[in-house]
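Structure file target23.csv (CSV, C-alpha atoms (C1' of nucleotides)) follows.
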chain,number,residue,atom,x,y,z
O,64,MET,CA,7.3,16.6,-27.9
O,65,LEU,CA,6.7,13.2,-29.4
O,66,LYS,CA,4.5,12.1,-32.2
O,67,ASN,CA,1.8,9.4,-32.1
O,68,SER,CA,4.0,7.0,-34.0
O,69,GLU,CA,6.6,7.2,-31.4
O,70,PHE,CA,4.1,6.3,-28.7
O,71,ILE,CA,3.1,3.3,-30.8
O,72,ASP,CA,6.7,2.3,-31.0
O,73,LYS,CA,7.1,2.6,-27.2
O,74,LEU,CA,4.0,0.5,-26.6
O,75,ARG,CA,4.9,-2.1,-29.2
O,76,SER,CA,8.5,-2.5,-27.8
O,77,SER,CA,7.0,-2.9,-24.3
O,78,GLY,CA,4.9,-5.7,-25.6
O,79,LEU,CA,1.7,-3.7,-25.6
O,80,ARG,CA,-0.8,-3.1,-28.4
O,81,PRO,CA,-1.5,0.5,-29.1
O,82,THR,CA,-5.0,1.2,-27.8
O,83,LYS,CA,-6.8,4.5,-27.3
O,84,GLN,CA,-6.3,4.4,-23.5
O,85,ARG,CA,-2.6,3.5,-23.7
O,86,LEU,CA,-1.9,6.2,-26.3
O,87,LYS,CA,-3.6,8.7,-23.9
O,88,ILE,CA,-1.3,7.5,-21.1
O,89,CYS,CA,1.7,7.9,-23.4
O,90,GLU,CA,0.6,11.4,-24.3
O,91,VAL,CA,0.3,12.5,-20.7
O,92,LEU,CA,3.6,10.8,-19.8
O,93,PHE,CA,5.9,11.6,-22.7
O,94,ASN,CA,4.5,14.6,-24.5
O,95,ARG,CA,6.2,17.1,-22.3
O,96,ASP,CA,9.4,19.0,-22.2
O,97,LYS,CA,10.3,18.6,-18.6
O,98,THR,CA,10.7,15.5,-16.4
O,99,PHE,CA,7.5,14.3,-14.8
O,100,HIS,CA,7.5,12.8,-11.4
O,101,PHE,CA,4.2,11.2,-10.5
O,102,THR,CA,2.2,8.7,-8.6
O,103,ILE,CA,-0.4,6.5,-10.3
O,104,HIS,CA,-3.0,8.7,-8.7
O,105,ASP,CA,-1.5,11.8,-10.1
O,106,LEU,CA,-1.3,10.3,-13.6
O,107,ALA,CA,-4.9,9.1,-13.4
O,108,MET,CA,-6.0,12.5,-12.3
O,109,GLN,CA,-4.3,14.2,-15.2
O,110,ILE,CA,-5.8,11.8,-17.7
O,111,SER,CA,-9.3,12.2,-16.5
O,112,LYS,CA,-8.8,16.0,-16.5
O,113,GLN,CA,-7.8,15.9,-20.2
O,114,LEU,CA,-10.4,13.3,-21.3
O,115,LYS,CA,-14.1,13.5,-20.7
O,116,GLU,CA,-14.1,9.7,-19.9
O,117,LYS,CA,-12.2,8.0,-17.2
O,118,ILE,CA,-9.6,5.3,-17.8
O,119,SER,CA,-9.7,2.3,-15.4
O,120,LEU,CA,-7.0,2.4,-12.8
O,121,ALA,CA,-6.1,-1.2,-13.7
O,122,THR,CA,-5.1,-0.1,-17.2
O,123,VAL,CA,-3.0,2.7,-15.8
O,124,TYR,CA,-1.2,0.4,-13.4
O,125,ASN,CA,-0.6,-2.2,-16.1
O,126,THR,CA,0.7,0.2,-18.6
O,127,VAL,CA,3.0,2.0,-16.2
O,128,HIS,CA,4.4,-1.3,-15.0
O,129,ALA,CA,5.1,-2.4,-18.5
O,130,PHE,CA,6.9,0.8,-19.3
O,131,LYS,CA,8.9,0.5,-16.0
O,132,ASN,CA,9.9,-3.1,-16.9
O,133,LYS,CA,11.0,-2.0,-20.4
O,134,GLY,CA,12.9,0.9,-18.9
O,135,TYR,CA,10.9,3.8,-20.2
O,136,LEU,CA,10.0,4.8,-16.7
O,137,LYS,CA,12.0,4.7,-13.5
O,138,GLU,CA,10.5,3.9,-10.1
O,139,ILE,CA,12.0,6.0,-7.3
O,140,SER,CA,12.8,4.7,-3.9
O,141,ILE,CA,10.9,6.7,-1.4
O,142,ASN,CA,9.3,5.5,1.7
O,143,SER,CA,5.8,6.5,1.1
O,144,ASP,CA,2.4,5.0,1.0
O,145,LYS,CA,2.5,5.5,-2.7
O,146,SER,CA,4.9,4.6,-5.5
O,147,TYR,CA,6.6,7.4,-7.4
O,148,PHE,CA,7.7,7.2,-11.0
O,149,ASP,CA,9.9,9.4,-13.1
O,150,THR,CA,9.9,10.0,-16.9
O,151,ASN,CA,13.6,10.9,-16.7
O,152,ILE,CA,15.4,7.5,-17.0
O,153,SER,CA,18.9,8.9,-17.1
O,154,ASN,CA,21.1,8.3,-14.2
O,155,HIS,CA,20.3,11.0,-11.7
O,156,HIS,CA,19.2,11.6,-8.1
O,157,HIS,CA,16.5,13.4,-6.2
O,158,PHE,CA,15.5,15.9,-3.6
O,159,PHE,CA,12.3,15.0,-1.8
O,160,ASP,CA,10.6,18.0,-0.2
O,161,GLU,CA,8.9,16.7,2.9
O,162,ASP,CA,6.8,19.8,3.2
O,163,THR,CA,5.1,19.3,-0.1
O,164,ASN,CA,5.8,15.7,-0.9
O,165,GLU,CA,7.4,16.9,-4.1
O,166,LEU,CA,10.3,15.3,-6.0
O,167,ILE,CA,12.9,17.4,-7.6
O,168,ASP,CA,15.7,16.2,-9.9
O,169,CYS,CA,19.3,16.6,-8.8
O,170,ASN,CA,21.4,17.8,-11.6
O,171,ASP,CA,25.0,16.8,-12.1
O,172,ASP,CA,26.2,19.9,-10.4
O,173,VAL,CA,24.5,18.9,-7.1
O,174,ILE,CA,25.8,15.4,-6.5
O,175,GLU,CA,28.9,13.8,-8.1
O,176,LYS,CA,29.0,10.2,-9.1
O,177,VAL,CA,28.6,7.9,-6.1
O,178,ASN,CA,31.4,5.4,-6.1
O,179,ILE,CA,30.6,1.9,-4.8
O,180,LYS,CA,33.9,0.6,-3.8
O,181,LYS,CA,32.8,-3.0,-2.9
O,182,ASN,CA,29.9,-5.0,-3.9
O,183,LEU,CA,28.4,-8.1,-2.5
O,184,THR,CA,29.8,-11.3,-4.0
O,185,GLY,CA,27.9,-12.8,-6.8
O,186,LYS,CA,25.6,-9.8,-7.2
O,187,LYS,CA,25.2,-7.2,-9.9
O,188,ILE,CA,24.4,-3.6,-9.2
O,189,ASN,CA,21.1,-2.7,-10.8
O,190,SER,CA,20.9,0.9,-9.6
O,191,VAL,CA,22.4,3.5,-7.2
O,192,GLU,CA,19.8,6.0,-6.0
O,193,VAL,CA,20.5,9.0,-3.7
O,194,LEU,CA,17.5,10.6,-2.0
O,195,VAL,CA,18.1,13.9,-0.2
O,196,LYS,CA,15.2,14.7,2.1
O,197,VAL,CA,14.7,18.4,2.8
O,198,ALA,CA,12.2,20.5,4.6
O,199,SER,CA,11.5,24.0,5.5
O,200,ASP,CA,14.3,25.5,7.5
O,201,ASN,CA,12.2,26.9,10.3
O,202,GLN,CA,10.2,23.9,11.4
O,203,ASN,CA,11.0,20.4,12.6
O,204,GLN,CA,9.8,17.6,10.5
O,205,ASN,CA,9.8,14.0,11.5
D,274,MET,CA,23.1,-5.8,25.2
D,275,LEU,CA,20.9,-3.4,27.2
D,276,LYS,CA,19.2,-3.6,30.5
D,277,ASN,CA,15.6,-3.1,31.3
D,278,SER,CA,16.3,0.3,32.9
D,279,GLU,CA,17.7,1.5,29.6
D,280,PHE,CA,14.6,0.4,27.8
D,281,ILE,CA,12.5,2.3,30.3
D,282,ASP,CA,14.7,5.4,29.6
D,283,LYS,CA,14.2,5.0,25.9
D,284,LEU,CA,10.4,4.7,26.3
D,285,ARG,CA,10.2,7.6,28.8
D,286,SER,CA,12.2,9.9,26.6
D,287,SER,CA,10.0,9.0,23.6
D,288,GLY,CA,7.0,10.1,25.7
D,289,LEU,CA,5.8,6.6,26.3
D,290,ARG,CA,5.0,4.8,29.6
D,291,PRO,CA,6.9,1.6,30.1
D,292,THR,CA,4.4,-1.2,29.7
D,293,LYS,CA,4.9,-4.9,29.4
D,294,GLN,CA,4.2,-4.8,25.7
D,295,ARG,CA,6.5,-1.9,25.0
D,296,LEU,CA,9.3,-3.4,27.0
D,297,LYS,CA,9.0,-6.6,25.0
D,298,ILE,CA,9.2,-4.5,21.8
D,299,CYS,CA,12.4,-2.8,23.1
D,300,GLU,CA,13.9,-6.1,24.0
D,301,VAL,CA,13.4,-7.5,20.5
D,302,LEU,CA,14.6,-4.2,18.9
D,303,PHE,CA,17.5,-3.2,21.0
D,304,ASN,CA,18.8,-6.2,22.8
D,305,ARG,CA,21.1,-7.3,20.0
D,306,ASP,CA,24.6,-6.9,18.9
D,307,LYS,CA,24.0,-6.4,15.2
D,308,THR,CA,21.9,-3.9,13.3
D,309,PHE,CA,18.3,-5.1,12.8
D,310,HIS,CA,16.5,-4.3,9.6
D,311,PHE,CA,12.8,-5.0,9.8
D,312,THR,CA,9.3,-4.4,8.7
D,313,ILE,CA,6.4,-4.1,11.2
D,314,HIS,CA,5.4,-7.6,10.1
D,315,ASP,CA,8.9,-9.0,10.9
D,316,LEU,CA,8.9,-7.4,14.2
D,317,ALA,CA,5.5,-8.6,15.2
D,318,MET,CA,6.5,-12.1,14.1
D,319,GLN,CA,9.6,-12.1,16.3
D,320,ILE,CA,7.6,-10.9,19.2
D,321,SER,CA,4.9,-13.5,19.0
D,322,LYS,CA,7.6,-16.1,18.5
D,323,GLN,CA,9.2,-15.1,21.8
D,324,LEU,CA,6.1,-14.6,23.8
D,325,LYS,CA,3.2,-17.0,24.2
D,326,GLU,CA,0.7,-14.2,23.8
D,327,LYS,CA,0.4,-11.9,20.8
D,328,ILE,CA,0.9,-8.1,20.9
D,329,SER,CA,-1.7,-6.1,19.0
D,330,LEU,CA,-0.4,-4.7,15.7
D,331,ALA,CA,-1.6,-1.3,16.7
D,332,THR,CA,0.7,-1.2,19.7
D,333,VAL,CA,3.7,-2.3,17.5
D,334,TYR,CA,2.9,0.5,15.0
D,335,ASN,CA,2.5,3.1,17.6
D,336,THR,CA,5.7,2.2,19.5
D,337,VAL,CA,7.8,2.0,16.4
D,338,HIS,CA,6.6,5.3,15.2
D,339,ALA,CA,7.3,7.0,18.5
D,340,PHE,CA,10.8,5.6,18.4
D,341,LYS,CA,11.3,6.8,14.8
D,342,ASN,CA,10.1,10.3,15.7
D,343,LYS,CA,12.5,10.4,18.7
D,344,GLY,CA,15.3,9.2,16.5
D,345,TYR,CA,15.9,5.8,18.0
D,346,LEU,CA,14.9,4.1,14.8
D,347,LYS,CA,15.5,5.1,11.2
D,348,GLU,CA,13.1,4.6,8.4
D,349,ILE,CA,14.7,3.5,5.2
D,350,SER,CA,13.6,4.7,1.7
D,351,ILE,CA,12.8,1.7,-0.4
D,352,ASN,CA,10.0,1.4,-2.7
D,353,SER,CA,8.1,-1.5,-1.4
D,354,ASP,CA,4.6,-2.2,-0.2
D,355,LYS,CA,6.0,-2.3,3.3
D,356,SER,CA,8.0,0.2,5.4
D,357,TYR,CA,11.5,-0.9,6.5
D,358,PHE,CA,13.2,0.3,9.7
D,359,ASP,CA,16.7,0.1,11.0
D,360,THR,CA,18.0,0.0,14.5
D,361,ASN,CA,21.3,1.5,13.3
D,362,ILE,CA,20.7,5.2,13.5
D,363,SER,CA,24.2,6.3,12.5
D,364,ASN,CA,24.8,7.9,9.1
D,365,HIS,CA,25.1,5.0,6.7
D,366,HIS,CA,23.7,3.6,3.5
D,367,HIS,CA,22.3,0.3,2.2
D,368,PHE,CA,22.4,-2.5,-0.3
D,369,PHE,CA,19.0,-3.9,-1.1
D,370,ASP,CA,19.1,-7.5,-2.4
D,371,GLU,CA,16.2,-7.7,-4.9
D,372,ASP,CA,16.5,-11.5,-4.9
D,373,THR,CA,15.8,-11.9,-1.2
D,374,ASN,CA,14.3,-8.4,-0.3
D,375,GLU,CA,17.0,-8.2,2.3
D,376,LEU,CA,18.7,-5.0,3.4
D,377,ILE,CA,22.4,-4.9,4.2
D,378,ASP,CA,24.4,-2.0,5.7
D,379,CYS,CA,27.0,-0.3,3.6
D,380,ASN,CA,30.1,0.3,5.7
D,381,ASP,CA,32.3,3.4,5.3
D,382,ASP,CA,34.6,1.4,3.1
D,383,VAL,CA,31.9,0.9,0.5
D,384,ILE,CA,30.5,4.5,-0.1
D,385,GLU,CA,32.3,7.6,0.7
D,386,LYS,CA,30.5,10.7,2.0
D,387,VAL,CA,28.0,12.0,-0.5
D,388,ASN,CA,28.6,15.7,-1.0
D,389,ILE,CA,25.5,17.8,-1.8
D,390,LYS,CA,26.9,20.8,-3.5
D,391,LYS,CA,23.8,22.9,-3.8
D,392,ASN,CA,20.6,22.8,-1.8
D,393,LEU,CA,17.1,24.2,-2.5
D,394,THR,CA,16.7,27.7,-1.1
D,395,GLY,CA,15.1,28.0,2.2
D,396,LYS,CA,15.3,24.2,2.9
D,397,LYS,CA,17.3,22.2,5.4
D,398,ILE,CA,18.7,18.8,4.5
D,399,ASN,CA,17.2,16.2,6.8
D,400,SER,CA,18.9,13.2,5.4
D,401,VAL,CA,20.9,11.8,2.5
D,402,GLU,CA,20.2,8.2,1.8
D,403,VAL,CA,21.9,6.0,-0.8
D,404,LEU,CA,20.3,2.8,-1.9
D,405,VAL,CA,22.2,0.3,-4.0
D,406,LYS,CA,19.9,-2.3,-5.5
D,407,VAL,CA,21.6,-5.5,-6.4
D,408,ALA,CA,20.5,-8.9,-7.7
D,409,SER,CA,21.9,-12.2,-8.7
D,410,ASP,CA,24.5,-11.9,-11.5
D,411,ASN,CA,23.0,-14.6,-13.7
D,412,GLN,CA,19.4,-13.4,-14.0
D,413,ASN,CA,17.5,-10.4,-15.1
D,414,GLN,CA,15.4,-8.7,-12.5
D,415,ASN,CA,12.9,-5.9,-13.2
G,2,DC,C1',-4.9,2.0,47.7
G,3,DG,C1',-7.9,5.0,44.5
G,4,DA,C1',-8.5,8.3,41.0
G,5,DT,C1',-7.2,9.5,36.6
G,6,DA,C1',-4.8,9.6,32.5
G,7,DT,C1',-2.8,6.8,29.3
G,8,DA,C1',-2.4,2.0,26.9
G,9,DT,C1',-3.9,-2.2,24.8
G,10,DT,C1',-6.8,-4.6,22.1
G,11,DA,C1',-10.0,-6.4,18.6
G,12,DT,C1',-12.1,-4.7,15.1
G,13,DA,C1',-13.5,-1.5,11.7
G,14,DA,C1',-12.0,1.9,8.3
G,15,DT,C1',-8.9,3.5,4.8
G,16,DT,C1',-5.9,3.4,1.0
G,17,DA,C1',-2.8,1.6,-2.5
G,18,DT,C1',-2.4,-2.1,-5.4
G,19,DT,C1',-3.6,-6.5,-7.6
G,20,DC,C1',-6.9,-9.8,-9.3
G,21,DT,C1',-11.0,-11.4,-11.9
G,22,DA,C1',-14.2,-12.3,-15.3
G,23,DA,C1',-17.2,-10.4,-18.5
G,24,DA,C1',-17.6,-7.3,-22.3
G,25,DC,C1',-14.9,-5.0,-25.9
G,26,DT,C1',-11.4,-4.1,-29.5
G,27,DG,C1',-7.1,-4.5,-32.4
G,28,DT,C1',-5.1,-7.7,-35.5
G,29,DT,C1',-4.6,-11.1,-38.8
G,30,DG,C1',-5.7,-13.8,-42.7
G,31,DA,C1',-9.1,-15.2,-46.0
C,30,DT,C1',-14.0,-6.1,-45.8
C,31,DC,C1',-15.0,-9.3,-42.3
C,32,DA,C1',-14.9,-13.0,-39.1
C,33,DA,C1',-12.4,-15.1,-35.5
C,34,DC,C1',-9.3,-14.8,-32.0
C,35,DA,C1',-6.1,-13.1,-28.9
C,36,DG,C1',-5.2,-9.5,-26.2
C,37,DT,C1',-7.6,-5.3,-23.5
C,38,DT,C1',-10.5,-2.6,-20.7
C,39,DT,C1',-13.3,-2.2,-17.1
C,40,DA,C1',-15.9,-2.3,-12.7
C,41,DG,C1',-15.8,-4.2,-8.9
C,42,DA,C1',-13.9,-7.7,-5.6
C,43,DA,C1',-9.8,-9.2,-3.1
C,44,DT,C1',-5.6,-8.3,-0.6
C,45,DA,C1',-2.5,-6.1,2.3
C,46,DA,C1',-0.4,-2.3,4.9
C,47,DT,C1',-1.6,1.1,7.9
C,48,DT,C1',-4.5,4.1,10.8
C,49,DA,C1',-8.6,5.0,13.6
C,50,DT,C1',-12.0,3.7,17.1
C,51,DA,C1',-13.9,2.8,21.4
C,52,DA,C1',-14.3,-0.4,25.2
C,53,DT,C1',-11.5,-2.5,28.6
C,54,DA,C1',-7.2,-2.7,31.2
C,55,DT,C1',-3.1,-0.8,33.4
C,56,DA,C1',0.5,2.6,35.0
C,57,DT,C1',1.2,6.6,37.8
C,58,DC,C1',0.8,9.8,41.4
C,59,DG,C1',-0.9,11.4,45.4

Show me, as structure tokens, the structure contained in the file I just sent.
Amino acid sequence: MLKNSEFIDKLRSSGLRPTKQRLKICEVLFNRDKTFHFTIHDLAMQISKQLKEKISLATVYNTVHAFKNKGYLKEISINSDKSYFDTNISNHHHFFDEDTNELIDCNDDVIEKVNIKKNLTGKKINSVEVLVKVASDNQNQN
Amino acid sequence: MLKNSEFIDKLRSSGLRPTKQRLKICEVLFNRDKTFHFTIHDLAMQISKQLKEKISLATVYNTVHAFKNKGYLKEISINSDKSYFDTNISNHHHFFDEDTNELIDCNDDVIEKVNIKKNLTGKKINSVEVLVKVASDNQNQN
DNA sequence: CGATATATTATAATTATTCTAAACTGTTGA
DNA sequence: TCAACAGTTTAGAATAATTATAATATATCG
């Protein structure tokens, strides 16, 4: 659970002024105990549920991207029509439940460190993401 | 290098009648030595480059999805505005070059088998995909 | 070949995301 | 405190990938 001043710090360090709308976004994103996996649509829904007024989608997109660029949010590689983000920025991987389109964190006890033994010359590794797609045992998906 | 009759088999087993357009799609997809990573747009471009006439995008989408569902093509999990596919359907992983938006296969000597030590109850693992995002060493991306 | 079911196509519809320009607000300095 | 300015918000337009539609064309099977 974070305080307002922490949200302001997060915004300022991302190059954004603290405004009413952005503070609300921070509250929905960061004022929680557990990791939050979301799409922009999810986030906008939660915000308008909590506020009477709506926040413009453009503002949500801009703020989320600023946080992503600063490293306060992680974008997750899934092939989907939407982009998924994660408030857990530590190095971890995911299950993706194809039945429910839900993302679930993989803890350390699920996947051990993936070792990249060779890299492309002249390139730097920015991230290593493992996605484990699962589905109900008694039906064929895809 | 495959023959026309092999394309017809592929189409038939995917539940599709062999038509002129679909055979052309097969040729572009499967008549090659090396793995082909592509987006629908890439594929449509290559086809119209090789033919005088254009194939409707709808046909390309439908055919690619039928092949994907049958397992002749693999969809790759990347967060992008487009979907990427791979003609290499064996179990393997990828580098994604963020400078060029290019996908490169990881051979066995790059990543060893990823071991999933625990799975969600009642779920079956459909795939395990590792994506290694790289970028030029002397610039900051993202 | 002829009948029928399936394909192709151009175009419209849909959806996520980005862009735009006008109205609004936080900030800074007097 | 207040004015001026730079940065923000917003609705709505623009863009781009993908899917749906419905009329026309083609493959298949007898």

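CA of Phe159 in chain O is positioned 27.4 Å from CA of Asp315 in chain D.
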
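Near chain G, within 9 Å and using all atoms listed in the file, the residues of chain O are Arg80, Pro81, Thr82, Ala121, Tyr124, Asp144, Lys145 and Ser146 of chain O.
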
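Between CA of Asn342 in chain D and CA of Phe101 in chain O the separation is 26.9 Å.
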
- With only C-alpha atoms (C1' of nucleotides) counted, which protein, DNA or RNA residues have an atom no more than 10 Å from (13.4, -1.4, 21.3) in the file frame? Please answer as a ChimeraX atom specification. /D:275,279-281,283-284,295-305,336-337,340,345-346,360

- Item | Contact residues (chain C, partner chain O, 10 Å, only C-alpha atoms (C1' of nucleotides)) as a PyMOL selection string | chain C and resi 36-40+46-47

For the selection you just gave me, I'd like the residues written to a file as a PDB file, keeping the file's coordinate frame, keeping C-alpha atoms (C1' of nucleotides).
ATOM      1  C1'  DG C  36      -5.200  -9.500 -26.200  1.00  0.00           C
ATOM      2  C1'  DT C  37      -7.600  -5.300 -23.500  1.00  0.00           C
ATOM      3  C1'  DT C  38     -10.500  -2.600 -20.700  1.00  0.00           C
ATOM      4  C1'  DT C  39     -13.300  -2.200 -17.100  1.00  0.00           C
ATOM      5  C1'  DA C  40     -15.900  -2.300 -12.700  1.00  0.00           C
ATOM      6  C1'  DA C  46      -0.400  -2.300   4.900  1.00  0.00           C
ATOM      7  C1'  DT C  47      -1.600   1.100   7.900  1.00  0.00           C
TER       8       DT C  47
END

Closest contacts (chain D/chain O, max 8 Å, only C-alpha atoms) as CSV:
residue,atom,partner,partner_atom,distance
D:Asn342,CA,O:Asn205,CA,5.6
D:Glu348,CA,O:Asn142,CA,7.8
D:Ile349,CA,O:Asn142,CA,6.7
D:Ser350,CA,O:Asn142,CA,4.4
D:Ile351,CA,O:Ser140,CA,4.6
D:Asn352,CA,O:Ser140,CA,4.5
D:Ser353,CA,O:Asn142,CA,7.7
D:Asp354,CA,O:Asp144,CA,7.6
D:Ser356,CA,O:Asn142,CA,6.6
D:Asp382,CA,O:Lys180,CA,7.0
D:Val383,CA,O:Lys180,CA,4.8
D:Ile384,CA,O:Ile179,CA,5.4
D:Glu385,CA,O:Asn178,CA,7.2
D:Val387,CA,O:Val177,CA,7.0
D:Asn388,CA,O:Ile174,CA,6.2
D:Ile389,CA,O:Ile174,CA,5.3
D:Lys390,CA,O:Val173,CA,4.7
D:Lys391,CA,O:Val173,CA,5.2
D:Asn392,CA,O:Val173,CA,7.6
D:Gly395,CA,O:Asp200,CA,5.9
D:Lys396,CA,O:Ser199,CA,4.6
D:Lys397,CA,O:Asp200,CA,4.9
D:Ile398,CA,O:Val197,CA,4.4
D:Asn399,CA,O:Val197,CA,5.2
D:Ser400,CA,O:Lys196,CA,5.2
D:Val401,CA,O:Val195,CA,4.4
D:Glu402,CA,O:Leu194,CA,5.2
D:Val403,CA,O:Val193,CA,4.4
D:Leu404,CA,O:Glu192,CA,5.2
D:Val405,CA,O:Val191,CA,4.5
D:Lys406,CA,O:Ser190,CA,5.3
D:Val407,CA,O:Ile188,CA,4.4
D:Ala408,CA,O:Lys186,CA,5.2
D:Ser409,CA,O:Lys186,CA,4.7
D:Asp410,CA,O:Lys186,CA,4.9
D:Asn415,CA,O:Asn132,CA,5.5

- Pairwise distance for CA of Asp96 in chain O and CA of Ile110 in chain O, rounded to one decimal in Å: 17.4 Å

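Comparing O:Gly78, O:Thr98, O:Ser153, O:Asn164 by their smallest distance to Ala129 in chain O, the closest is O:Gly78 (using only C-alpha atoms).
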